Amino acid sequence: MVDRLTSDTTVSLLINNAGFSLLKPLTETPDDVLKNMIAVNVTALTALSKAALVRFKNKGSGTLVNVGSGAGFSPYPGIPVYGATKAYVYLFTQALQSEAEGTGVRVQLVLPGAVVSEGWDVAGGADLEPLPPSIVMSTEDCVDAALAGLDQHELVTAPSLEDEALLQNYQSVASHVLQMMFNQKAASRYSI
Ligand SMILES: NC(=O)c1ccc[n+]([C@@H]2O[C@H](COP(=O)([O-])OP(=O)(O)OC[C@H]3O[C@@H](n4cnc5c(N)ncnc54)[C@H](OP(=O)(O)O)[C@@H]3O)[C@@H](O)[C@H]2O)c1
């Protein structure tokens, strides 16, 4: 895929959608599954994003879409590694948005909530039935909303998040926390 992206000048859009989860505590997750999950959700997404960005920046156009997850915002029971891989997608893709600024290249971060898909079977044990229908989006609605977000030139599209101010506030608090951590002195509560 990296070779194809590097050599094929006709590619103008890359959607990093591949990803999977497993509903198990870390201590019960087989080593090969851990390795594969990080390989698909993080390593491949990173390598493909780089190849696409290099190509698109040379052309001065192109669109990269990375699919993260609501699970990347806060630890969710039973998916310790999956949630962390999606937190990676969240930070990494926003960093790429800064890199792409002013280049003609677009980078969209899509953050689905719970969506009907075969991914729930792959995760094992996470049947959709116990979840109230009111919190699970159809695949079609999720994709349509993600594409509408792309049409609206959104940087971050959260298809099922009604109150977009929540996301804006989250981003602004996260950025403030980072800035406040740059401090020569230890915090007074440590009495150093
Ligand atoms: N469903 C949700 O509730 C939900 C919520 C938030 C985010 N997401 C994210 O949405 C994306 C799509 O997931 P989905 O729920 O639609 O699950 P899905 O139906 O199982 O789709 C996952 C896709 O990833 C591909 N894939 C998995 N391992 C791969 C590998 N080693 N190499 C290449 N392709 C691989 C699968 O290809 P094959 O079919 O060929 O195996 C499949 O096309 C994922 O990134 C997921 O984390 C899903």
# chains A, B, ... in the order shown; residues from 1 in each chain; ligands from 1
>>> closest_atom_pairs(of="chain A", to="ligand 1", cutoff="6 Å", atoms="only C-alpha atoms and all ligand atoms", output="JSON lines")
{"residue": "A:Asn17", "atom": "CA", "partner": "ligand 1", "partner_atom_place_in_ligand_line": "45 (O)", "distance": 4.6}
{"residue": "A:Ala18", "atom": "CA", "partner": "ligand 1", "partner_atom_place_in_ligand_line": "24 (O)", "distance": 3.2}
{"residue": "A:Gly19", "atom": "CA", "partner": "ligand 1", "partner_atom_place_in_ligand_line": "45 (O)", "distance": 3.7}
{"residue": "A:Phe20", "atom": "CA", "partner": "ligand 1", "partner_atom_place_in_ligand_line": "47 (O)", "distance": 5.2}
{"residue": "A:Val40", "atom": "CA", "partner": "ligand 1", "partner_atom_place_in_ligand_line": "31 (N)", "distance": 5.5}
{"residue": "A:Val67", "atom": "CA", "partner": "ligand 1", "partner_atom_place_in_ligand_line": "45 (O)", "distance": 5.3}
{"residue": "A:Gly68", "atom": "CA", "partner": "ligand 1", "partner_atom_place_in_ligand_line": "7 (C)", "distance": 5.6}
{"residue": "A:Ser69", "atom": "CA", "partner": "ligand 1", "partner_atom_place_in_ligand_line": "6 (C)", "distance": 4.0}
{"residue": "A:Pro112", "atom": "CA", "partner": "ligand 1", "partner_atom_place_in_ligand_line": "6 (C)", "distance": 4.3}
{"residue": "A:Gly113", "atom": "CA", "partner": "ligand 1", "partner_atom_place_in_ligand_line": "5 (C)", "distance": 4.9}
{"residue": "A:Ala114", "atom": "CA", "partner": "ligand 1", "partner_atom_place_in_ligand_line": "3 (O)", "distance": 3.6}
{"residue": "A:Val115", "atom": "CA", "partner": "ligand 1", "partner_atom_place_in_ligand_line": "3 (O)", "distance": 3.7}
{"residue": "A:Val116", "atom": "CA", "partner": "ligand 1", "partner_atom_place_in_ligand_line": "1 (N)", "distance": 5.5}
{"residue": "A:Ser117", "atom": "CA", "partner": "ligand 1", "partner_atom_place_in_ligand_line": "19 (O)", "distance": 4.6}
{"residue": "A:Glu118", "atom": "CA", "partner": "ligand 1", "partner_atom_place_in_ligand_line": "19 (O)", "distance": 4.1}
{"residue": "A:Gly119", "atom": "CA", "partner": "ligand 1", "partner_atom_place_in_ligand_line": "20 (O)", "distance": 3.3}
>>> residues_around(residues="Ala95 in chain A", least_positions_apart="4", cutoff="12 Å", atoms="only C-alpha atoms", output="ChimeraX atom specification")
/A:46,49-50,88-91,99-101,107-109,155
>>> closest_residue(among="A:Val54, A:Leu64, A:Ile79, A:Leu26", to="Gly124 in chain A", atoms="only C-alpha atoms")
A:Ile79
>>> select_by_dssp(residues="range 46-104 of chain A", states="helix (DSSP H, G or I)", output="NGL selection string")
:A and (46-59 or 70-72 or 80-100)
>>> residues_around(residues="Leu34 in chain A", least_positions_apart="6", cutoff="12 Å", atoms="only C-alpha atoms", output="JSON, numbers by chain")
{"A": [20, 21, 22, 23, 24, 25, 26, 27, 28, 40, 41, 42, 79, 80, 81, 82, 84, 85]}
>>> closest_residue(among="A:Leu150, A:Val2, A:Met137, A:Leu131", to="Thr63 in chain A", atoms="only C-alpha atoms")
A:Leu150
>>> decode(residues="range 47-121 of chain A", atoms="C-alpha atoms", output="CSV table (one decimal), in the first residue's frame")
chain,number,residue,atom,x,y,z
A,47,ALA,CA,2.9,4.6,7.5
A,48,LEU,CA,0.0,5.1,5.1
A,49,SER,CA,-0.7,8.6,6.4
A,50,LYS,CA,3.0,9.5,5.8
A,51,ALA,CA,3.0,8.0,2.3
A,52,ALA,CA,-0.2,9.8,1.4
A,53,LEU,CA,0.9,13.2,2.9
A,54,VAL,CA,4.2,13.1,1.0
A,55,ARG,CA,2.5,12.4,-2.2
A,56,PHE,CA,-0.4,14.9,-1.7
A,57,LYS,CA,2.0,17.7,-0.5
A,58,ASN,CA,4.1,17.2,-3.7
A,59,LYS,CA,0.9,17.6,-5.7
A,60,GLY,CA,-0.5,20.4,-3.6
A,61,SER,CA,-3.8,18.5,-3.3
A,62,GLY,CA,-5.4,15.3,-1.8
A,63,THR,CA,-7.4,14.2,1.1
A,64,LEU,CA,-6.5,12.0,4.0
A,65,VAL,CA,-9.2,10.7,6.3
A,66,ASN,CA,-8.3,8.8,9.5
A,67,VAL,CA,-10.9,7.0,11.5
A,68,GLY,CA,-10.5,7.3,15.2
A,69,SER,CA,-13.2,6.6,17.8
A,70,GLY,CA,-15.1,8.0,20.7
A,71,ALA,CA,-13.2,5.3,22.6
A,72,GLY,CA,-10.0,7.3,22.2
A,73,PHE,CA,-11.3,10.0,24.6
A,74,SER,CA,-11.6,8.1,27.8
A,75,PRO,CA,-10.8,4.6,29.1
A,76,TYR,CA,-13.8,2.4,28.3
A,77,PRO,CA,-14.2,-0.9,30.1
A,78,GLY,CA,-12.7,-4.0,28.4
A,79,ILE,CA,-10.9,-2.4,25.5
A,80,PRO,CA,-7.6,-1.1,27.1
A,81,VAL,CA,-5.5,-1.4,23.9
A,82,TYR,CA,-8.1,-0.5,21.4
A,83,GLY,CA,-9.0,2.8,23.2
A,84,ALA,CA,-5.3,3.7,23.4
A,85,THR,CA,-4.8,3.1,19.7
A,86,LYS,CA,-7.7,5.4,19.0
A,87,ALA,CA,-6.2,8.0,21.3
A,88,TYR,CA,-3.1,7.8,19.2
A,89,VAL,CA,-5.2,8.3,16.0
A,90,TYR,CA,-6.8,11.4,17.7
A,91,LEU,CA,-3.5,13.1,18.5
A,92,PHE,CA,-1.6,11.9,15.5
A,93,THR,CA,-4.2,13.1,13.0
A,94,GLN,CA,-4.5,16.5,14.6
A,95,ALA,CA,-0.7,16.9,14.4
A,96,LEU,CA,-0.9,16.0,10.7
A,97,GLN,CA,-3.6,18.7,10.2
A,98,SER,CA,-1.0,21.3,11.4
A,99,GLU,CA,1.6,19.8,9.0
A,100,ALA,CA,-0.9,20.0,6.1
A,101,GLU,CA,-2.0,23.6,6.8
A,102,GLY,CA,-1.6,25.8,3.8
A,103,THR,CA,-0.5,23.0,1.5
A,104,GLY,CA,-3.8,22.3,-0.3
A,105,VAL,CA,-4.0,18.9,1.4
A,106,ARG,CA,-6.9,18.1,3.6
A,107,VAL,CA,-6.8,15.9,6.7
A,108,GLN,CA,-10.1,14.9,8.3
A,109,LEU,CA,-10.4,13.0,11.6
A,110,VAL,CA,-13.6,11.0,11.9
A,111,LEU,CA,-14.7,10.0,15.4
A,112,PRO,CA,-17.6,7.5,15.4
A,113,GLY,CA,-19.4,6.6,18.5
A,114,ALA,CA,-21.1,3.1,18.5
A,115,VAL,CA,-21.9,2.0,14.9
A,116,VAL,CA,-23.5,-1.2,13.6
A,117,SER,CA,-20.7,-3.2,12.0
A,118,GLU,CA,-19.0,-6.6,11.8
A,119,GLY,CA,-16.4,-5.1,14.0
A,120,TRP,CA,-18.5,-5.9,17.0
A,121,ASP,CA,-18.3,-9.6,16.1
